[in-house]
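Structure file query_35.txt; described as compact mmCIF, C-alpha atoms.
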```
# COMPACT_ATOMS: atom_id res chain seq x y z
CA MET A 272 -52.79 35.95 65.70
CA ALA A 273 -53.02 33.66 62.68
CA GLY A 274 -49.84 35.14 61.30
CA ARG A 275 -47.95 34.47 64.51
CA LEU A 276 -49.29 30.93 64.58
CA VAL A 277 -48.08 30.31 61.05
CA LEU A 278 -44.69 31.77 61.91
CA LEU A 279 -44.43 29.60 65.00
CA LEU A 280 -45.31 26.48 63.02
CA GLY A 281 -42.75 27.40 60.41
CA VAL A 282 -40.02 27.81 63.00
CA VAL A 283 -40.91 24.55 64.70
CA ALA A 284 -40.97 22.74 61.37
CA ALA A 285 -37.62 24.21 60.42
CA LEU A 286 -36.06 23.25 63.72
CA GLY A 287 -37.64 19.82 63.76
CA GLY A 288 -36.82 19.02 60.18
CA CYS A 289 -38.95 17.30 57.57
CA THR A 290 -37.62 13.79 57.96
CA THR A 291 -39.44 10.98 59.70
CA VAL A 292 -37.72 7.69 60.49
CA ASP A 293 -39.29 4.51 61.84
CA VAL A 294 -37.41 1.36 62.78
CA ALA A 295 -38.55 -2.16 63.64
CA ARG A 296 -36.38 -4.90 65.08
CA ALA A 297 -37.32 -8.56 65.42
CA PRO A 298 -37.04 -9.77 69.04
CA ASP A 299 -33.77 -11.28 70.19
CA THR A 300 -34.15 -13.99 72.80
CA GLY A 301 -30.45 -14.00 73.58
CA ARG A 302 -29.97 -17.48 72.18
CA GLY A 303 -30.85 -16.04 68.79
CA ARG A 304 -34.13 -14.70 67.49
CA ASP A 305 -37.03 -17.13 67.96
CA VAL A 306 -38.68 -15.98 64.72
CA PHE A 307 -36.76 -14.27 61.94
CA VAL A 308 -37.95 -11.55 59.60
CA THR A 309 -35.91 -10.81 56.50
CA THR A 310 -36.43 -8.71 53.42
CA SER A 311 -34.26 -11.22 51.54
CA ASP A 312 -34.88 -14.61 50.02
CA LEU A 313 -33.51 -17.84 51.49
CA PRO A 314 -31.73 -20.62 49.63
CA GLY A 315 -33.60 -23.21 51.65
CA PRO A 316 -34.42 -25.94 52.00
CA TYR A 317 -37.69 -24.76 53.48
CA LYS A 318 -41.39 -25.43 53.36
CA SER A 319 -43.71 -22.57 52.43
CA LEU A 320 -46.52 -22.10 54.92
CA GLY A 321 -48.23 -19.33 53.00
CA VAL A 322 -48.16 -15.62 52.34
CA VAL A 323 -49.22 -13.20 55.04
CA GLN A 324 -50.08 -9.53 55.27
CA ALA A 325 -50.34 -7.77 58.62
CA THR A 326 -52.08 -4.38 58.62
CA ARG A 327 -52.84 -2.05 61.47
CA ARG A 328 -55.04 0.98 60.93
CA GLY A 329 -56.04 3.81 63.22
CA VAL A 330 -55.69 7.51 63.86
CA LEU A 331 -53.14 9.74 65.53
CA LEU A 332 -54.82 11.72 68.29
CA PHE A 333 -53.48 15.23 68.86
CA GLY A 334 -50.98 14.51 66.08
CA PHE A 335 -48.81 12.26 68.24
CA ALA A 336 -50.80 9.74 70.31
CA ASP A 337 -51.01 6.41 68.50
CA PRO A 338 -53.47 4.30 70.53
CA ALA A 339 -53.90 1.67 67.81
CA GLY A 340 -50.15 1.12 67.37
CA THR A 341 -49.82 1.89 63.68
CA ASP A 342 -46.03 1.91 63.53
CA LEU A 343 -43.73 -0.77 62.13
CA GLN A 344 -42.60 -2.12 65.50
CA ALA A 345 -46.16 -2.56 66.80
CA ASP A 346 -47.29 -4.25 63.59
CA LEU A 347 -44.33 -6.58 63.80
CA ASP A 348 -44.64 -7.42 67.51
CA GLU A 349 -48.41 -7.52 67.88
CA GLN A 350 -49.67 -8.64 64.48
CA LEU A 351 -47.06 -10.39 62.35
CA LEU A 352 -44.90 -12.32 64.85
CA PRO A 353 -47.91 -13.89 66.66
CA GLN A 354 -49.27 -14.92 63.26
CA ILE A 355 -45.97 -16.58 62.31
CA ARG A 356 -45.84 -18.46 65.61
CA MET A 357 -49.47 -19.51 65.21
CA MET A 358 -48.73 -20.89 61.74
CA GLY A 359 -45.75 -22.79 63.16
CA GLY A 360 -43.28 -20.92 61.00
CA ASP A 361 -39.64 -20.17 61.65
CA GLY A 362 -39.78 -16.78 60.02
CA VAL A 363 -40.80 -14.54 57.16
CA ILE A 364 -38.85 -14.06 53.96
CA ASN A 365 -39.11 -11.37 51.26
CA ALA A 366 -40.76 -9.02 53.74
CA ARG A 367 -42.06 -5.73 52.37
CA PHE A 368 -43.38 -2.94 54.56
CA GLN A 369 -44.90 0.53 54.41
CA GLN A 370 -46.16 2.89 57.10
CA THR A 371 -47.91 6.26 57.03
CA GLN A 372 -45.37 8.86 58.04
CA TYR A 373 -46.05 12.49 58.89
CA SER A 374 -43.51 15.26 59.32
CA LEU A 375 -43.18 17.00 62.67
CA GLY A 376 -44.83 20.13 61.32
CA THR A 377 -47.90 18.18 60.20
CA ARG A 378 -48.17 16.48 63.58
CA ILE A 379 -47.96 19.79 65.43
CA LEU A 380 -50.57 21.31 63.14
CA PHE A 381 -52.97 18.45 63.86
CA ALA A 382 -52.20 18.65 67.55
CA ILE A 383 -53.63 22.15 67.35
CA LEU A 384 -56.50 20.97 65.13
CA PHE A 385 -57.16 18.13 67.57
CA PHE A 386 -60.73 17.61 66.35
CA ALA A 387 -59.36 16.25 63.05
CA PRO A 388 -57.28 13.13 63.85
CA LEU A 389 -54.65 12.02 61.34
CA PRO A 390 -55.30 8.66 59.63
CA SER A 391 -52.45 6.22 60.09
CA GLU A 392 -51.72 2.75 58.74
CA VAL A 393 -48.90 0.22 58.57
CA THR A 394 -48.62 -2.92 56.41
CA ILE A 395 -46.05 -5.71 56.37
CA THR A 396 -46.21 -8.53 53.81
CA GLY A 397 -44.08 -11.61 53.35
CA GLU A 398 -43.94 -15.38 52.96
CA VAL A 399 -43.95 -17.55 56.08
CA VAL A 400 -41.55 -20.50 55.90
CA LYS A 401 -40.48 -23.44 58.04
CA LEU A 402 -36.82 -24.32 57.65
CA ASP A 403 -35.96 -27.91 56.86
CA SER A 404 -32.91 -29.56 58.40
CA GLY A 405 -29.72 -28.17 57.00
CA ALA A 406 -31.29 -24.87 56.02
CA GLN A 407 -29.26 -21.75 56.61
CA PRO A 408 -31.03 -18.93 58.46
CA PRO A 409 -30.90 -15.44 56.94
CA GLY A 410 -27.56 -13.69 57.02
CA SER A 411 -25.48 -16.86 56.90
CA GLY A 412 -23.90 -15.99 53.58
CA ALA A 413 -25.63 -18.56 51.36
CA SER A 414 -27.15 -17.11 48.21
CA ALA A 415 -30.60 -17.96 46.99
CA THR A 416 -30.08 -16.58 43.48
CA ALA A 417 -30.19 -19.07 40.63
CA PRO A 418 -28.56 -18.00 37.37
CA ALA A 419 -30.78 -16.32 34.78
CA ARG A 420 -30.06 -16.38 31.06
CA MET B 268 -78.15 -0.28 72.14
CA ARG B 269 -76.70 -2.87 74.54
CA LEU B 270 -75.77 -5.05 71.60
CA LEU B 271 -73.98 -2.09 70.01
CA LEU B 272 -72.10 -1.41 73.25
CA LEU B 273 -71.13 -5.05 73.60
CA LEU B 274 -69.94 -5.24 70.02
CA SER B 275 -67.94 -2.05 70.52
CA LEU B 276 -66.22 -3.51 73.58
CA VAL B 277 -65.39 -6.68 71.66
CA ALA B 278 -64.00 -4.61 68.83
CA LEU B 279 -61.83 -2.53 71.15
CA ALA B 280 -60.54 -5.63 72.88
CA THR B 281 -59.56 -7.31 69.62
CA GLY B 282 -57.67 -4.30 68.35
CA CYS B 283 -57.28 -2.41 65.15
CA GLY B 284 -55.28 -4.91 63.16
CA ALA B 285 -56.08 -7.08 60.17
CA THR B 286 -54.13 -10.14 59.14
CA VAL B 287 -54.73 -11.72 55.76
CA ARG B 288 -53.32 -15.12 54.89
CA GLY B 289 -52.79 -17.09 51.74
CA SER B 290 -52.14 -20.77 51.17
CA PRO B 291 -48.59 -22.13 50.91
CA LEU B 292 -46.58 -21.38 47.79
CA SER B 293 -43.88 -23.65 46.37
CA ASN B 294 -41.35 -25.21 48.70
CA ARG B 295 -37.61 -25.02 48.17
CA PRO B 296 -36.60 -27.30 46.69
CA PRO B 297 -39.99 -27.87 45.04
CA ASP B 298 -41.65 -31.20 45.82
CA ASP B 299 -41.07 -33.67 42.98
CA ASN B 300 -44.58 -35.04 43.15
CA VAL B 301 -46.24 -31.63 42.91
CA ARG B 302 -47.13 -30.47 39.42
CA GLY B 303 -48.25 -27.04 38.41
CA VAL B 304 -46.82 -23.58 38.22
CA PHE B 305 -43.89 -22.80 40.56
CA LEU B 306 -44.81 -19.84 42.78
CA SER B 307 -42.41 -17.95 45.05
CA THR B 308 -41.91 -14.55 46.60
CA GLY B 309 -38.21 -15.26 46.08
CA THR B 310 -36.03 -16.41 43.24
CA ALA B 311 -36.05 -19.59 41.18
CA PRO B 312 -34.42 -22.81 42.46
CA ARG B 313 -32.67 -23.62 39.16
CA PRO B 314 -31.67 -21.90 35.91
CA TYR B 315 -34.47 -20.09 34.12
CA ARG B 316 -35.23 -17.55 31.44
CA THR B 317 -37.64 -14.66 31.94
CA VAL B 318 -40.77 -14.86 29.84
CA GLY B 319 -42.29 -11.63 31.06
CA PHE B 320 -43.99 -9.83 33.92
CA ALA B 321 -47.57 -9.84 35.11
CA GLN B 322 -49.74 -7.75 37.36
CA VAL B 323 -53.12 -9.03 38.55
CA THR B 324 -55.70 -7.04 40.50
CA GLY B 325 -58.66 -8.80 42.06
CA TYR B 326 -61.68 -6.77 43.12
CA GLY B 327 -64.39 -7.63 45.60
CA VAL B 328 -66.46 -6.40 48.51
CA THR B 329 -66.90 -7.28 52.16
CA VAL B 330 -70.59 -7.38 52.92
CA ALA B 331 -71.86 -6.52 56.40
CA GLY B 332 -68.37 -6.85 57.79
CA PHE B 333 -68.08 -10.61 57.50
CA SER B 334 -68.90 -11.93 54.06
CA ASP B 335 -66.13 -11.54 51.49
CA VAL B 336 -67.56 -11.60 47.97
CA GLY B 337 -65.66 -11.38 44.71
CA GLU B 338 -62.03 -12.02 43.83
CA ALA B 339 -60.15 -9.86 46.33
CA GLY B 340 -58.40 -12.79 47.99
CA LEU B 341 -54.70 -13.64 48.07
CA ASP B 342 -55.30 -17.25 47.08
CA GLY B 343 -57.57 -16.43 44.17
CA THR B 344 -55.20 -13.89 42.71
CA ILE B 345 -51.87 -15.65 43.32
CA ARG B 346 -52.63 -19.38 43.08
CA GLY B 347 -55.57 -18.83 40.74
CA THR B 348 -55.32 -16.00 38.27
CA LEU B 349 -51.57 -15.37 38.36
CA SER B 350 -50.85 -19.08 37.79
CA GLN B 351 -53.26 -19.15 34.85
CA VAL B 352 -51.69 -16.05 33.37
CA ALA B 353 -48.23 -17.60 33.67
CA SER B 354 -49.36 -20.80 31.97
CA ARG B 355 -50.97 -18.84 29.14
CA MET B 356 -47.69 -16.99 28.63
CA GLY B 357 -45.92 -20.35 28.37
CA GLY B 358 -44.24 -20.03 31.74
CA ASP B 359 -43.42 -22.71 34.30
CA GLY B 360 -43.43 -20.41 37.27
CA VAL B 361 -43.72 -16.96 38.76
CA ILE B 362 -40.94 -15.58 40.96
CA ASN B 363 -40.42 -12.38 42.94
CA ILE B 364 -44.12 -12.27 43.69
CA GLU B 365 -45.21 -9.15 45.53
CA PHE B 366 -48.72 -8.59 46.79
CA ILE B 367 -50.82 -6.09 48.66
CA ASP B 368 -54.38 -6.30 49.95
CA GLU B 369 -55.23 -2.62 49.74
CA ASN B 370 -58.11 -2.42 52.18
CA PRO B 371 -58.24 -5.35 54.60
CA PRO B 372 -60.96 -4.70 57.19
CA THR B 373 -59.75 -4.63 60.79
CA GLU B 374 -61.68 -6.37 63.55
CA VAL B 375 -63.06 -3.02 64.65
CA GLU B 376 -64.24 -2.22 61.14
CA ARG B 377 -65.85 -5.64 60.67
CA VAL B 378 -67.76 -5.33 63.92
CA THR B 379 -68.76 -1.75 63.14
CA ASP B 380 -70.02 -2.70 59.68
CA LEU B 381 -71.98 -5.62 61.10
CA SER B 382 -73.55 -3.54 63.85
CA ASN B 383 -74.47 -0.80 61.36
CA THR B 384 -76.09 -3.37 59.09
CA LEU B 385 -78.00 -4.95 61.96
CA SER B 386 -79.12 -1.54 63.22
CA SER B 387 -80.28 -0.62 59.75
CA ALA B 388 -82.20 -3.88 59.41
CA ALA B 389 -83.77 -3.47 62.83
CA SER B 390 -84.91 0.04 62.01
CA GLY B 391 -86.43 -1.09 58.74
CA ARG B 392 -84.07 0.80 56.43
CA GLY B 393 -82.48 -2.38 55.10
CA GLU B 394 -79.12 -0.83 54.23
CA VAL B 395 -76.22 -3.27 54.03
CA LYS B 396 -72.77 -1.89 54.78
CA THR B 397 -70.24 -2.87 52.12
CA ARG B 398 -66.52 -2.22 51.90
CA ASN B 399 -64.62 -2.24 48.60
CA ARG B 400 -61.65 -4.59 48.48
CA SER B 401 -58.81 -5.09 46.06
CA VAL B 402 -55.68 -7.21 45.95
CA VAL B 403 -52.79 -6.36 43.62
CA VAL B 404 -50.20 -9.01 42.79
CA THR B 405 -47.11 -8.70 40.59
CA GLY B 406 -44.54 -11.26 39.54
CA GLU B 407 -41.93 -12.30 37.03
CA VAL B 408 -43.03 -15.16 34.75
CA ILE B 409 -40.23 -17.63 34.05
CA GLN B 410 -39.49 -20.79 32.11
CA PHE B 411 -37.10 -23.32 33.63
CA LEU B 412 -34.17 -24.25 31.43
CA SER B 413 -33.50 -27.60 33.04
CA ALA B 414 -35.58 -30.37 34.51
CA PRO B 415 -35.51 -30.72 38.33
CA MET C 192 -50.98 30.61 18.59
CA ARG C 193 -49.45 31.03 22.04
CA LEU C 194 -51.43 28.03 23.27
CA LEU C 195 -50.12 25.97 20.35
CA LEU C 196 -46.58 27.05 21.17
CA ALA C 197 -47.02 26.16 24.82
CA LEU C 198 -48.45 22.76 23.97
CA SER C 199 -45.64 22.10 21.51
CA LEU C 200 -43.02 22.96 24.10
CA ALA C 201 -44.68 20.69 26.59
CA ALA C 202 -44.81 17.87 24.04
CA LEU C 203 -41.12 18.33 23.17
CA THR C 204 -40.13 17.87 26.80
CA GLY C 205 -41.60 14.36 26.73
CA CYS C 206 -43.41 12.35 29.41
CA THR C 207 -40.51 10.71 31.20
CA VAL C 208 -38.84 11.97 34.35
CA ILE C 209 -35.54 10.49 35.53
CA HIS C 210 -33.75 10.75 38.84
CA THR C 211 -30.56 8.96 39.83
CA ALA C 212 -28.52 8.61 42.97
CA ALA C 213 -24.85 7.72 43.34
CA VAL C 214 -23.99 6.18 46.69
CA PRO C 215 -21.05 4.10 47.96
CA SER C 216 -21.45 0.34 47.73
CA ASP C 217 -18.03 -0.95 48.69
CA ARG C 218 -18.44 -3.67 51.29
CA GLY C 219 -14.78 -3.53 52.21
CA GLY C 220 -15.60 -1.65 55.39
CA GLN C 221 -14.64 1.87 54.30
CA ASP C 222 -18.15 3.27 54.41
CA VAL C 223 -21.79 2.34 54.72
CA PHE C 224 -22.93 0.28 51.71
CA LEU C 225 -26.35 0.15 50.08
CA SER C 226 -27.81 -2.60 47.91
CA ALA C 227 -31.20 -2.94 46.24
CA GLY C 228 -30.77 -6.70 46.52
CA ASP C 229 -29.36 -9.23 48.89
CA ILE C 230 -25.64 -9.73 49.59
CA PRO C 231 -23.65 -12.98 49.63
CA GLU C 232 -21.69 -12.14 52.78
CA PRO C 233 -22.83 -13.33 56.20
CA TYR C 234 -24.58 -10.62 58.19
CA GLU C 235 -26.64 -9.94 61.29
CA SER C 236 -29.92 -8.12 60.74
CA LEU C 237 -30.30 -5.01 62.89
CA GLY C 238 -33.87 -4.24 61.84
CA MET C 239 -36.05 -2.69 59.17
CA VAL C 240 -36.19 1.05 58.59
CA GLN C 241 -38.52 3.35 56.70
CA ALA C 242 -37.68 7.02 56.28
CA THR C 243 -39.69 9.76 54.61
CA ARG C 244 -38.54 13.27 53.91
CA SER C 245 -41.25 15.75 52.92
CA GLY C 246 -41.03 19.24 51.56
CA VAL C 247 -42.08 21.47 48.68
CA LEU C 248 -40.68 22.59 45.35
CA LEU C 249 -40.53 26.36 45.41
CA PHE C 250 -41.28 27.93 42.05
CA GLY C 251 -41.70 24.39 40.73
CA PHE C 252 -37.98 23.65 40.68
CA ILE C 253 -36.25 24.60 43.93
CA ASP C 254 -36.06 21.58 46.23
CA VAL C 255 -35.44 23.33 49.52
CA VAL C 256 -35.13 20.41 51.95
CA GLY C 257 -33.86 17.74 49.54
CA THR C 258 -36.66 15.36 48.63
CA ASP C 259 -34.95 13.45 45.82
CA ILE C 260 -33.51 9.96 45.92
CA GLN C 261 -29.95 11.21 46.36
CA ALA C 262 -30.94 13.10 49.50
CA GLY C 263 -33.12 10.27 50.73
CA LEU C 264 -30.27 7.80 50.54
CA ALA C 265 -27.24 9.96 51.35
CA GLU C 266 -28.73 12.30 53.94
CA VAL C 267 -31.36 10.13 55.58
CA LEU C 268 -30.72 6.40 55.15
CA ILE C 269 -26.94 6.31 55.45
CA PRO C 270 -26.87 8.37 58.69
CA GLN C 271 -29.61 6.13 60.05
CA VAL C 272 -27.55 3.03 59.26
CA ARG C 273 -24.60 4.54 61.14
CA GLU C 274 -26.83 5.44 64.09
CA MET C 275 -28.03 1.85 64.32
CA GLY C 276 -24.45 0.60 64.23
CA GLY C 277 -24.86 -1.07 60.87
CA ASP C 278 -22.41 -1.59 58.04
CA GLY C 279 -24.99 -1.16 55.33
CA ALA C 280 -28.53 -1.70 54.13
CA ILE C 281 -29.90 -4.38 51.84
CA ASN C 282 -33.11 -4.68 49.82
CA VAL C 283 -33.31 -0.91 49.61
CA ARG C 284 -36.54 0.35 48.08
CA PHE C 285 -37.20 3.97 47.24
CA ARG C 286 -39.90 6.19 45.81
CA GLN C 287 -39.74 9.90 45.06
CA THR C 288 -42.37 12.39 43.92
CA GLN C 289 -41.68 13.17 40.28
CA TYR C 290 -43.23 15.96 38.25
CA LEU C 291 -43.18 16.43 34.50
CA PRO C 292 -41.37 19.56 33.30
CA VAL C 293 -44.69 21.08 32.29
CA GLN C 294 -45.98 20.54 35.83
CA GLN C 295 -42.89 22.20 37.25
CA VAL C 296 -43.37 25.15 34.88
CA LEU C 297 -46.94 25.47 36.10
CA GLY C 298 -45.58 25.32 39.63
CA ALA C 299 -43.26 28.21 38.78
CA ILE C 300 -46.11 30.25 37.32
CA PHE C 301 -48.40 29.55 40.26
CA PHE C 302 -45.57 30.07 42.75
CA PHE C 303 -48.00 30.81 45.59
CA ALA C 304 -49.05 27.13 45.59
CA PRO C 305 -45.77 25.20 45.95
CA LEU C 306 -45.67 21.61 44.72
CA PRO C 307 -45.54 19.00 47.50
CA SER C 308 -42.60 16.67 47.25
CA SER C 309 -41.35 13.71 49.25
CA VAL C 310 -39.05 10.72 49.12
CA THR C 311 -39.58 7.46 51.00
CA VAL C 312 -36.87 4.88 51.53
CA THR C 313 -37.21 1.41 53.09
CA ALA C 314 -34.44 -1.05 53.78
CA GLU C 315 -33.08 -3.74 56.10
CA VAL C 316 -30.05 -2.57 58.09
CA VAL C 317 -27.32 -5.20 58.52
CA LYS C 318 -23.97 -5.63 60.22
CA LEU C 319 -21.47 -7.78 58.35
CA ARG C 320 -19.96 -10.73 60.15
CA ARG C 321 -16.37 -10.02 59.22
CA GLY C 322 -13.71 -12.69 59.44
CA SER C 323 -16.23 -15.42 58.71
CA ALA C 324 -15.08 -18.37 56.60
CA ALA C 325 -18.18 -17.98 54.51
CA SER C 326 -17.13 -14.56 53.18
CA PRO C 327 -16.49 -14.86 49.47
CA GLU C 328 -14.40 -12.51 47.33
CA GLN C 329 -15.85 -9.02 47.21
CA PRO C 330 -16.64 -7.41 43.89
CA PRO C 331 -15.31 -3.92 43.23
CA VAL C 332 -17.51 -0.89 43.86
CA ALA C 333 -20.96 -1.68 42.56
CA PRO C 334 -22.56 0.59 40.00
CA PRO C 335 -24.56 3.54 41.33
CA VAL C 336 -28.16 2.99 42.33
CA ALA C 337 -30.31 4.36 39.56
CA ALA C 338 -34.02 4.86 39.31
CA ARG C 339 -36.54 6.23 36.89
```
I'd like the structure from this file rewritten - as structure tokens, please.
Amino acid sequence: MAGRLVLLLGVVAALGGCTTVDVARAPDTGRGRDVFVTTSDLPGPYKSLGVVQATRRGVLLFGFADPAGTDLQADLDEQLLPQIRMMGGDGVINARFQQTQYSLGTRILFAILFFAPLPSEVTITGEVVKLDSGAQPPGSGASATAPAR
Amino acid sequence: MRLLLLLSLVALATGCGATVRGSPLSNRPPDDNVRGVFLSTGTAPRPYRTVGFAQVTGYGVTVAGFSDVGEAGLDGTIRGTLSQVASRMGGDGVINIEFIDENPPTEVERVTDLSNTLSSAASGRGEVKTRNRSVVVTGEVIQFLSAP
Amino acid sequence: MRLLLALSLAALTGCTVIHTAAVPSDRGGQDVFLSAGDIPEPYESLGMVQATRSGVLLFGFIDVVGTDIQAGLAEVLIPQVREMGGDGAINVRFRQTQYLPVQQVLGAIFFFAPLPSSVTVTAEVVKLRRGSAASPEQPPVAPPVAAR
């Protein structure tokens, strides 16, 4: 029985692969995004409103159910973007992010071992800024890099 | 028991997220009337030379879910210690700052810690729930080559 | 004597592990480009992506599923960029499990306990705004992405 279970898990893992991908997009209001999130710097001019870190922590039930929303998109939509709006910012620059990721085989294993939920966490950090007049939003082609010697 | 249930409901309603904030860093362009070390998660606004790199870790604890003790705060590590380190190295600023608060307590965890502490106090055990905290900050220390 | 020989061999191999990845970085539109930094061309952000590939090293050396940086970028990130309709990815960050040669030798000896291995890649996927007046001259193919 145990041998067949291991074989089944192996087949499922092989078919499902060992790669996990998570994506997060900032909301698009149609007239352009109301709040931007970029992993890049900005040339400015802008006013810094402070650094921010948004973390969501929880468990995956049955290997797949994520009631606390510990993925990148949920952290962005429900934690970071409201914080930026509350601070009166136009967006976040130099964003860094990391999320717990499990392979399909691990998730299936813990779906079977449902009494042991998988810990899960996502973190996004960045600097909240308010653009001054004349500032270029991210992706406009202006470079923020000053020459180093 | 009712208090514990109420606190649990509050915790569930507020979610499992934690947001940590720090005070503003330097504007771009930097304000002329503001002195002190230039701090940015991005690059420098004018030509510079690299003096070196620094990593600062601040440790602390959260006591009973609500009282943060020690130096595990973004402001203390970035605007405090990192700035001092840069000045000691002869730098004018720190760029490409990256930071991580490694164990920020979520609302659920804060409420749980508080309720556990209160329960312990009520039962006479007197145990206070603490949670270890740490903040790690890195940055590139620079010296500007020209005046603003 | 054998222990001394083993320790000497381990010491001769050193304590540094190096992995590199060569990926296309021509932003002329021929293929998906990758950059560890920002780009001067105008772009539209399509979103952030994090990808992790996990596996094991059989006999300490055989990377069955491809958990090195080359695989992480070429086989995971680049297809993901194409799937999202992007032209490339900027601010690419990557981390791969790295073992010292002595650890891999131990993994070969204790082959029944394969070494866990994984690579994680994060990036911002972008679509270039071609034909924009703000597009400056493009540099030739950028040097390969390298990591230690």
Exercise. Which polymer residues have any atom within 10 Å of an atom of Phe301 in chain C, counting all atoms listed in the file, with same-chain residues fewer than 6 positions away left out, as a PyMOL selection string?
Worked result: chain C and resi 249-251+295
For this session: Pick out the chain B residues within 12 Å of chain C. Count all atoms listed in the file. Give them as a list in words.
Result: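 The contacting residues on chain B are Gly309, Thr310 and Asn363 of chain B.
For Glu349 in chain A, the residues within 10 Å (counting all atoms listed in the file, excluding itself and residues fewer than 2 positions away along the chain) are Ala325, Arg327, Gly340, Gln344, Ala345, Asp346, Leu347, Leu351, Leu352, Pro353 and Gln354 of chain A; Gly282 and Gly284 of chain B.
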Exercise. What is the distance between CA of Glu374 in chain B and CA of Gly393 in chain B, in Å to one decimal?
Worked result: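 So the answer is 22.8 Å.
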Which residues come within 12 Å of range 313-320 of chain B, counting all atoms listed in the file, excluding same-chain residues fewer than 4 positions away, as a PDB file with C-alpha atoms, in the coordinates of the input?
```
ATOM      1  CA  PRO A 314     -31.730 -20.620  49.630  1.00  0.00           C
ATOM      2  CA  ALA A 415     -30.600 -17.960  46.990  1.00  0.00           C
ATOM      3  CA  THR A 416     -30.080 -16.580  43.480  1.00  0.00           C
ATOM      4  CA  ALA A 417     -30.190 -19.070  40.630  1.00  0.00           C
ATOM      5  CA  PRO A 418     -28.560 -18.000  37.370  1.00  0.00           C
ATOM      6  CA  ALA A 419     -30.780 -16.320  34.780  1.00  0.00           C
ATOM      7  CA  ARG A 420     -30.060 -16.380  31.060  1.00  0.00           C
TER       8      ARG A 420
ATOM      9  CA  ARG B 295     -37.610 -25.020  48.170  1.00  0.00           C
ATOM     10  CA  PRO B 296     -36.600 -27.300  46.690  1.00  0.00           C
ATOM     11  CA  PRO B 297     -39.990 -27.870  45.040  1.00  0.00           C
ATOM     12  CA  PHE B 305     -43.890 -22.800  40.560  1.00  0.00           C
ATOM     13  CA  LEU B 349     -51.570 -15.370  38.360  1.00  0.00           C
ATOM     14  CA  VAL B 352     -51.690 -16.050  33.370  1.00  0.00           C
ATOM     15  CA  ALA B 353     -48.230 -17.600  33.670  1.00  0.00           C
ATOM     16  CA  SER B 354     -49.360 -20.800  31.970  1.00  0.00           C
ATOM     17  CA  ARG B 355     -50.970 -18.840  29.140  1.00  0.00           C
ATOM     18  CA  MET B 356     -47.690 -16.990  28.630  1.00  0.00           C
ATOM     19  CA  GLY B 357     -45.920 -20.350  28.370  1.00  0.00           C
ATOM     20  CA  GLY B 358     -44.240 -20.030  31.740  1.00  0.00           C
ATOM     21  CA  ASP B 359     -43.420 -22.710  34.300  1.00  0.00           C
ATOM     22  CA  GLY B 360     -43.430 -20.410  37.270  1.00  0.00           C
ATOM     23  CA  VAL B 361     -43.720 -16.960  38.760  1.00  0.00           C
ATOM     24  CA  ILE B 362     -40.940 -15.580  40.960  1.00  0.00           C
ATOM     25  CA  ASN B 363     -40.420 -12.380  42.940  1.00  0.00           C
ATOM     26  CA  ILE B 364     -44.120 -12.270  43.690  1.00  0.00           C
ATOM     27  CA  GLU B 365     -45.210  -9.150  45.530  1.00  0.00           C
ATOM     28  CA  VAL B 404     -50.200  -9.010  42.790  1.00  0.00           C
ATOM     29  CA  THR B 405     -47.110  -8.700  40.590  1.00  0.00           C
ATOM     30  CA  GLY B 406     -44.540 -11.260  39.540  1.00  0.00           C
ATOM     31  CA  GLU B 407     -41.930 -12.300  37.030  1.00  0.00           C
ATOM     32  CA  VAL B 408     -43.030 -15.160  34.750  1.00  0.00           C
ATOM     33  CA  ILE B 409     -40.230 -17.630  34.050  1.00  0.00           C
ATOM     34  CA  GLN B 410     -39.490 -20.790  32.110  1.00  0.00           C
ATOM     35  CA  PHE B 411     -37.100 -23.320  33.630  1.00  0.00           C
ATOM     36  CA  LEU B 412     -34.170 -24.250  31.430  1.00  0.00           C
ATOM     37  CA  SER B 413     -33.500 -27.600  33.040  1.00  0.00           C
ATOM     38  CA  ALA B 414     -35.580 -30.370  34.510  1.00  0.00           C
ATOM     39  CA  PRO B 415     -35.510 -30.720  38.330  1.00  0.00           C
TER      40      PRO B 415
END
```
Exercise. Pick from B:Gly327, B:Arg392, B:Arg269, B:Ser293: nearest to chain A, with all atoms listed in the file counted?
Worked result: B:Ser293
C-alpha atoms of range 305-319 of chain C from block above, as a tab-separated table (two decimals), in the first residue's frame:
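Full text of decode_21.tsv as output:
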```tsv
chain	number	residue	atom	x	y	z
C	305	PRO	CA	19.66	12.77	-2.32
C	306	LEU	CA	20.58	16.43	-1.82
C	307	PRO	CA	17.64	18.85	-2.14
C	308	SER	CA	18.18	21.52	-4.73
C	309	SER	CA	16.17	24.47	-5.98
C	310	VAL	CA	16.42	27.72	-7.89
C	311	THR	CA	14.20	30.76	-7.35
C	312	VAL	CA	13.91	33.61	-9.81
C	313	THR	CA	12.03	36.90	-9.38
C	314	ALA	CA	11.59	39.63	-11.95
C	315	GLU	CA	9.31	42.30	-13.39
C	316	VAL	CA	7.95	41.38	-16.83
C	317	VAL	CA	7.76	44.29	-19.29
C	318	LYS	CA	6.59	45.00	-22.82
C	319	LEU	CA	8.66	47.55	-24.71
```
